[in-house]
Every structure is written in C-alpha cells, then in structure tokens.
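Chemist: Got a structure here, written out as structure tokens. Questions coming.
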Amino acid sequence: MGEYAQDANALILLIGVLLLLFKFFITGEIRYPVSNFTNHTFLIFLGWIFIGFVVNIPDVIPSYFKQTSGINRFLRQLFSLVLSSILFFVFYYNVISYVGKQKILILIRKTFLVSLIIVSIYGFLEFLILRAGLSQLIPLINLFDYIPFVDVRLDTRLERLSSITYEPPALAMYLITVAGWMFSYILTDKGLKKFIPTILVLSLALLSGSRTSLVVVLFQFIVFLINIFSLKKYSKLVFRIFVGTCSIIFLISVFNYKTVREFVDEKSDSLDFTNMKDNVSNQSRLGIQYTSLLIFKENPVFGVGYGQQAFHAEHKYPYWAVKNNWEFEQKYLNERVRSFPPGYNVYTRLLAETGIIGLLLFVFFIWSFFYQANELKKDNQNKIMGIIIIVSMSGFTLNWLQIDSFRMYGVWLCLALLCFLYNKKKENTNVV
C-alpha cells in the first residue's frame, strides 16, 4: 500500500471500490461525471504526467535509489495518485449520487461531527495529561485502545497532540478536512450550539502543537468569514463574531498577561520557518524544496518524470541542508531505509517532475475548482455547499505548500460533490 500503509480508512474505501466494481459487473452501470470542466482539467494534468514519463524514459530506466528502480517508483507513485483521484473519486461520486442532493449535506456533516466529538474527547484528555500533568487520566484515555485501528500513544517528549490519529500532522490533515463542514453549522443551526463545532476545531488547531493545523485552519476560518460577509444575510453575524473574538482575546490578555505572552512567544518561534539552526525539520524542508527548484532549472519543460525527483536530488542537496542534519543521515540518504524523502511541497515537486507545463495545468485545475465552487455559491440552493467547498479547497491548496502528496481524501470528496452538484444545477437549468 506504500504511503497508504498507515491509513486504516484507505482499507475501508478500497472495500467500497471493490463493491462498486462488483455492482458494475452485475448491472453494467457506473456513474461518472463525463462533462465536468474541473474534472476534465485534472484528467489533462494526468495525461501530461504520462507524456512526461515517455519523454524521460531514457533517464528513468537506469535510475536506482533506495533499492527501487525508476520504473518501479513511477508505477508506485502513479498507483497512489490514481487510487485517490480516480478510484476513490468514482466511489465518492456514486455514493453521493445514490444518497441524493437533499441528504448528502446532512449525512456528511453528521458523520464528521460524530468523529470530531470523539477526536476532541481524546485530544482534550491528551492535553490534560501532557500539558497539565494529570497523569491519573491515563487509564481513561487507554479506553480508546478498544476502538478499531486506534493505538493510544502519548508524545511525552514534544507534548504535541495527535488525538486518535497516528501523528500530529495527521490530526492537522483531519482538522483541515472537516473545518469547512463544521464552520457551516454557524449558517444553518440556531442558538449558541451552532458555534460548538467551530470552537472544537479551532481549539484543537490551537492546542495541537502543529504549525500546519494552526496556520491552515485559521486561514480557512478567515476565508469562511470573508465568504459569508459577502452575503447580506450574514454580514452582521460576521461582525458579531469578530467583536466577540477580539473581546475574549483582550480579556484573557489582561487577566493572564504572562501566560498569553509565553504562549505567543512559543507559537512565534514554531512559525519561524527560516530558523534552521534550532529546527532540523525546517532545514530539511527548505533544503529539499530548494533542490527541487535546482532540478526544475535543468529540466524546465518536461521535468524529470513523475516520481523521479529523489533520484536526481541525491547529489544536489545543498551543504547547508545536509550539515548536522540527522534526517538526511538516518533517513533520506540512508539506502537501508526504503522510504523515499518527501518533497515537502507539491508545487516545487511538480516543477521538478512535470516541468512548468505540469505545474500550470495543476494550478489551472485548482482555479477551475474555485471557479465552479463560486458559481455554486451564487445559487441559493447550493450556497452552503459552495462555501464548504471553497473553504475546504483553500485549506488543501495552502497545505500543499508543505506536503507533496495527493493523498488528501477531502480534495477528491469535494471534487465528487462539485461534479454532482454542478451536473444537477445544469439539469435544472435545462429543464427550465
């Protein structure tokens, strides 16, 4: 399963794909959005990946690194991409088509809300144990071991939260995925309870210790407020949220100034991405991204072939990235460790592997995503879903600045929703 090996949910989705294929063999029917513009742009990008591979075959065949050939690496990376963007996407689309437009928003939100409650209970217990020193709660948190696929682990060294996921970045990815859906309760529910899902998401993002969740989720919340502020019905609500948030921050700062200052200093240090002296992670990230740009400079049009960046980067990493860096010594340049070094940025990775044309095609795919979601937002019947997709994609697009994987299930779920709702919108227009 490669990079999907740690994702238990991938196994569940694979079962769904197999059931869908079984249904296809029995009935000969399967639904696919053949006429959607955004989906077409991605398929064009996928076609360019094949062209780039064919052009680079003379260099791909002799490539060998970490006990893996260039051909093997391409096929594994292609499988990873197709699994999420084609197989899982088609599965999502067929399930959404079966559930129908009226129930899909309610069903997905309730599923995410239930999961958020479980994640929050574990996360806050984790916070009390690691940060507040309440070790007597450990027997209570160990009860989560009875949930399938969950393995209770406490990060006593860095004191970062991961909740029921296997690491803090996975918790960040979860929060980014559910954020737009949880924020939307503000638009549909009544009373103070409509703010609870949003408060849970923002609290976990703030307390987790993950820079990604803090920056991206806050960015998503700002995007959400901007989108609903443009709607006259919610402009007063945005103003109240802004005033209320500022008032709470002011009161906390006045009555607990020392703690707030220490917290702000801690977060400022963690967000200083240029600090490579005290942060090996920053050193590796910037070094690998810089190396990707060096590879792009030598192969600007077609790149070096999808999945081939690490083969060309092995002898190009700058000295300042490798010096006193245990990650390169023990993992990224260690031939005994078969996992390849991450690219840490999908945009620089695509520049290196697919060239400027590949990157432009991918950026065009992202633009078309936002364009069609914004068109949905203009339709009163699809307004809420349009905002959710815009908020979700804004988070995924920003998150791609620090990961190089397409294994973000929320992207392809949003694409399936976008295709389904857009097709329904066109059908209603044609009927009229």
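Residue numbering restarts at 1 for every chain of the structure tokens, chains are lettered A, B, ... in their displayed order, and ligands are numbered from 1 as they appear.
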Within 7 Å of stretch 2-10 of chain A, counting only C-alpha atoms, which residues show up once you throw out same-chain ones fewer than 3 positions away? Write them as a list in words, please.
Modeler: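 The residues satisfying every condition are Leu13, Leu14 and Phe149 of chain A.
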Chemist: Quick one: write out the picked residues with C-alpha atoms as a short mmCIF file (atom, residue, chain, number, x, y, z; two decimals), in the first residue's frame?
Modeler:
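Writing done, so here's again23.cif:
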data_model
loop_
_atom_site.label_atom_id
_atom_site.label_comp_id
_atom_site.auth_asym_id
_atom_site.auth_seq_id
_atom_site.Cartn_x
_atom_site.Cartn_y
_atom_site.Cartn_z
CA LEU A 13 -12.54 2.88 0.91
CA LEU A 14 -10.92 0.03 -1.02
CA PHE A 149 -7.40 0.83 14.33
#
Chemist: Considering only helix (DSSP H, G or I) as DSSP defines it on the backbone, what residues of stretch 168-379 of chain A qualify? List them as number ranges by chain.
Modeler: A: 168-183, 185-188, 192-207, 211-229, 232-255, 257-270, 280-298, 309-313, 319-322, 326-332, 346-378
Chemist: Any idea what's packed within 12 Å of A:Leu78, counting only C-alpha atoms, ignoring anything in its chain fewer than 4 positions away? Could you give it as a PyMOL selection string?
Modeler: chain A and resi 2-3+46-47+49-50+53+71-74+82-86+305-308+405-407
Chemist: For a test of reading the model, state the distance in Å between atom CA of A:Asp379 and atom CA of A:Tyr422, rounded to one decimal.
Modeler: 10.3 Å
Chemist: So, with only C-alpha atoms as the atoms that count, which of A:Ile57, A:Val95, A:Leu359, A:Gly70 lies closest to A:Leu19?
Modeler: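 The shortest atom-to-atom distance to A:Leu19 comes from A:Val95.
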Chemist: Using DSSP secondary structure from the backbone, list all strand (DSSP E) positions within stretch 34-237 of chain A, as a list in words.
Modeler: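 Answer for stretch 34-237 of chain A, restricted to strand (DSSP E): Tyr64, Phe65, Thr68 and Ser69 of chain A.
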Chemist: Go through A:Leu143, A:Leu43, A:Met182, A:Ala313 one by one, measure the shortest atom-to-atom distance of each to A:Lys110 using only C-alpha atoms, and give the residue with the smallest value.
Modeler: A:Met182
Chemist: Restricting the calculation to only C-alpha atoms: of A:Ala179, A:Ile241, A:Ile228, A:Ile108, which residue gets closest to A:Ile384?
Modeler: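 With only C-alpha atoms as the atom set, the closest residue is A:Ile228.
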Chemist: Rounded to one decimal in Å, what is the spacing between atom CA of A:Tyr347 and atom CA of A:Thr177?
Modeler: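 If I compute the distance from atom CA of A:Tyr347 to atom CA of A:Thr177, I get 19.9 Å.
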Chemist: Set the distance at 12 Å and use only C-alpha atoms: which residues neighbour A:Lys424 once local chain neighbours fewer than 2 positions away are removed? I'd like the list as a count of residues only.
Modeler: 24
Chemist: Residues at most 12 Å from A:Lys331, counting only C-alpha atoms, excluding those fewer than 4 positions away in the same chain, as a list of chain:residue names?
Modeler: A:Lys66, A:Ser284, A:Val322, A:Asn325, A:Trp326, A:Glu327, A:Glu335, A:Arg336, A:Val337, A:Arg338, A:Ser339, A:Phe340, A:Pro341, A:Pro342
Chemist: May I have the selected residues written with N, CA and C atoms, as a PDB file, in the first residue's frame?
Modeler:
ATOM      1  N   LYS A  66      17.618   3.640  -3.144  1.00  0.00           N
ATOM      2  CA  LYS A  66      16.895   3.019  -2.042  1.00  0.00           C
ATOM      3  C   LYS A  66      16.240   1.694  -2.458  1.00  0.00           C
ATOM      4  N   SER A 284      15.469  20.590   6.675  1.00  0.00           N
ATOM      5  CA  SER A 284      15.180  19.565   5.659  1.00  0.00           C
ATOM      6  C   SER A 284      14.179  20.076   4.632  1.00  0.00           C
ATOM      7  N   VAL A 322      22.184  19.560   4.519  1.00  0.00           N
ATOM      8  CA  VAL A 322      22.644  18.248   4.969  1.00  0.00           C
ATOM      9  C   VAL A 322      23.495  18.338   6.229  1.00  0.00           C
ATOM     10  N   ASN A 325      22.492  17.330  10.040  1.00  0.00           N
ATOM     11  CA  ASN A 325      21.067  17.028   9.906  1.00  0.00           C
ATOM     12  C   ASN A 325      20.869  15.509   9.958  1.00  0.00           C
ATOM     13  N   TRP A 326      20.374  15.017  11.084  1.00  0.00           N
ATOM     14  CA  TRP A 326      20.215  13.570  11.270  1.00  0.00           C
ATOM     15  C   TRP A 326      19.163  12.977  10.328  1.00  0.00           C
ATOM     16  N   GLU A 327      18.218  13.804   9.865  1.00  0.00           N
ATOM     17  CA  GLU A 327      17.166  13.287   8.979  1.00  0.00           C
ATOM     18  C   GLU A 327      17.757  12.798   7.651  1.00  0.00           C
ATOM     19  N   GLU A 335      20.463   4.301   2.378  1.00  0.00           N
ATOM     20  CA  GLU A 335      19.999   3.300   1.415  1.00  0.00           C
ATOM     21  C   GLU A 335      19.254   2.145   2.087  1.00  0.00           C
ATOM     22  N   ARG A 336      19.492   1.920   3.356  1.00  0.00           N
ATOM     23  CA  ARG A 336      18.822   0.817   4.048  1.00  0.00           C
ATOM     24  C   ARG A 336      17.371   1.150   4.388  1.00  0.00           C
ATOM     25  N   VAL A 337      17.061   2.440   4.434  1.00  0.00           N
ATOM     26  CA  VAL A 337      15.678   2.880   4.678  1.00  0.00           C
ATOM     27  C   VAL A 337      15.004   3.054   3.324  1.00  0.00           C
ATOM     28  N   ARG A 338      14.043   2.208   3.009  1.00  0.00           N
ATOM     29  CA  ARG A 338      13.479   2.149   1.660  1.00  0.00           C
ATOM     30  C   ARG A 338      12.522   3.305   1.342  1.00  0.00           C
ATOM     31  N   SER A 339      11.967   3.948   2.357  1.00  0.00           N
ATOM     32  CA  SER A 339      11.048   5.057   2.095  1.00  0.00           C
ATOM     33  C   SER A 339      11.802   6.244   1.500  1.00  0.00           C
ATOM     34  N   PHE A 340      11.196   6.861   0.484  1.00  0.00           N
ATOM     35  CA  PHE A 340      11.831   7.983  -0.204  1.00  0.00           C
ATOM     36  C   PHE A 340      11.653   9.277   0.578  1.00  0.00           C
ATOM     37  N   PRO A 341      12.596  10.215   0.444  1.00  0.00           N
ATOM     38  CA  PRO A 341      12.433  11.507   1.130  1.00  0.00           C
ATOM     39  C   PRO A 341      11.233  12.263   0.582  1.00  0.00           C
ATOM     40  N   PRO A 342      10.433  12.887   1.437  1.00  0.00           N
ATOM     41  CA  PRO A 342       9.275  13.652   0.962  1.00  0.00           C
ATOM     42  C   PRO A 342       9.715  14.906   0.222  1.00  0.00           C
TER      43      PRO A 342
END
Chemist: Any idea what's packed within 12 Å of A:Ser135, counting only C-alpha atoms, ignoring anything in its chain fewer than 6 positions away? Could you give it as a compact mmCIF listing (two decimals) with C-alpha atoms, in the first residue's frame?
Modeler:
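Final output, selection_23.txt:
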# COMPACT_ATOMS: atom_id res chain seq x y z
CA LEU A 125 -7.64 14.25 27.59
CA GLU A 126 -4.27 14.16 25.84
CA PHE A 127 -3.81 17.88 26.54
CA LEU A 128 -4.64 17.48 30.24
CA ILE A 129 -2.19 14.57 30.59
CA ILE A 141 -7.51 7.61 27.68
CA ASN A 142 -6.36 3.99 27.36
CA LEU A 154 1.30 9.92 24.18
CA THR A 156 5.76 12.85 26.27
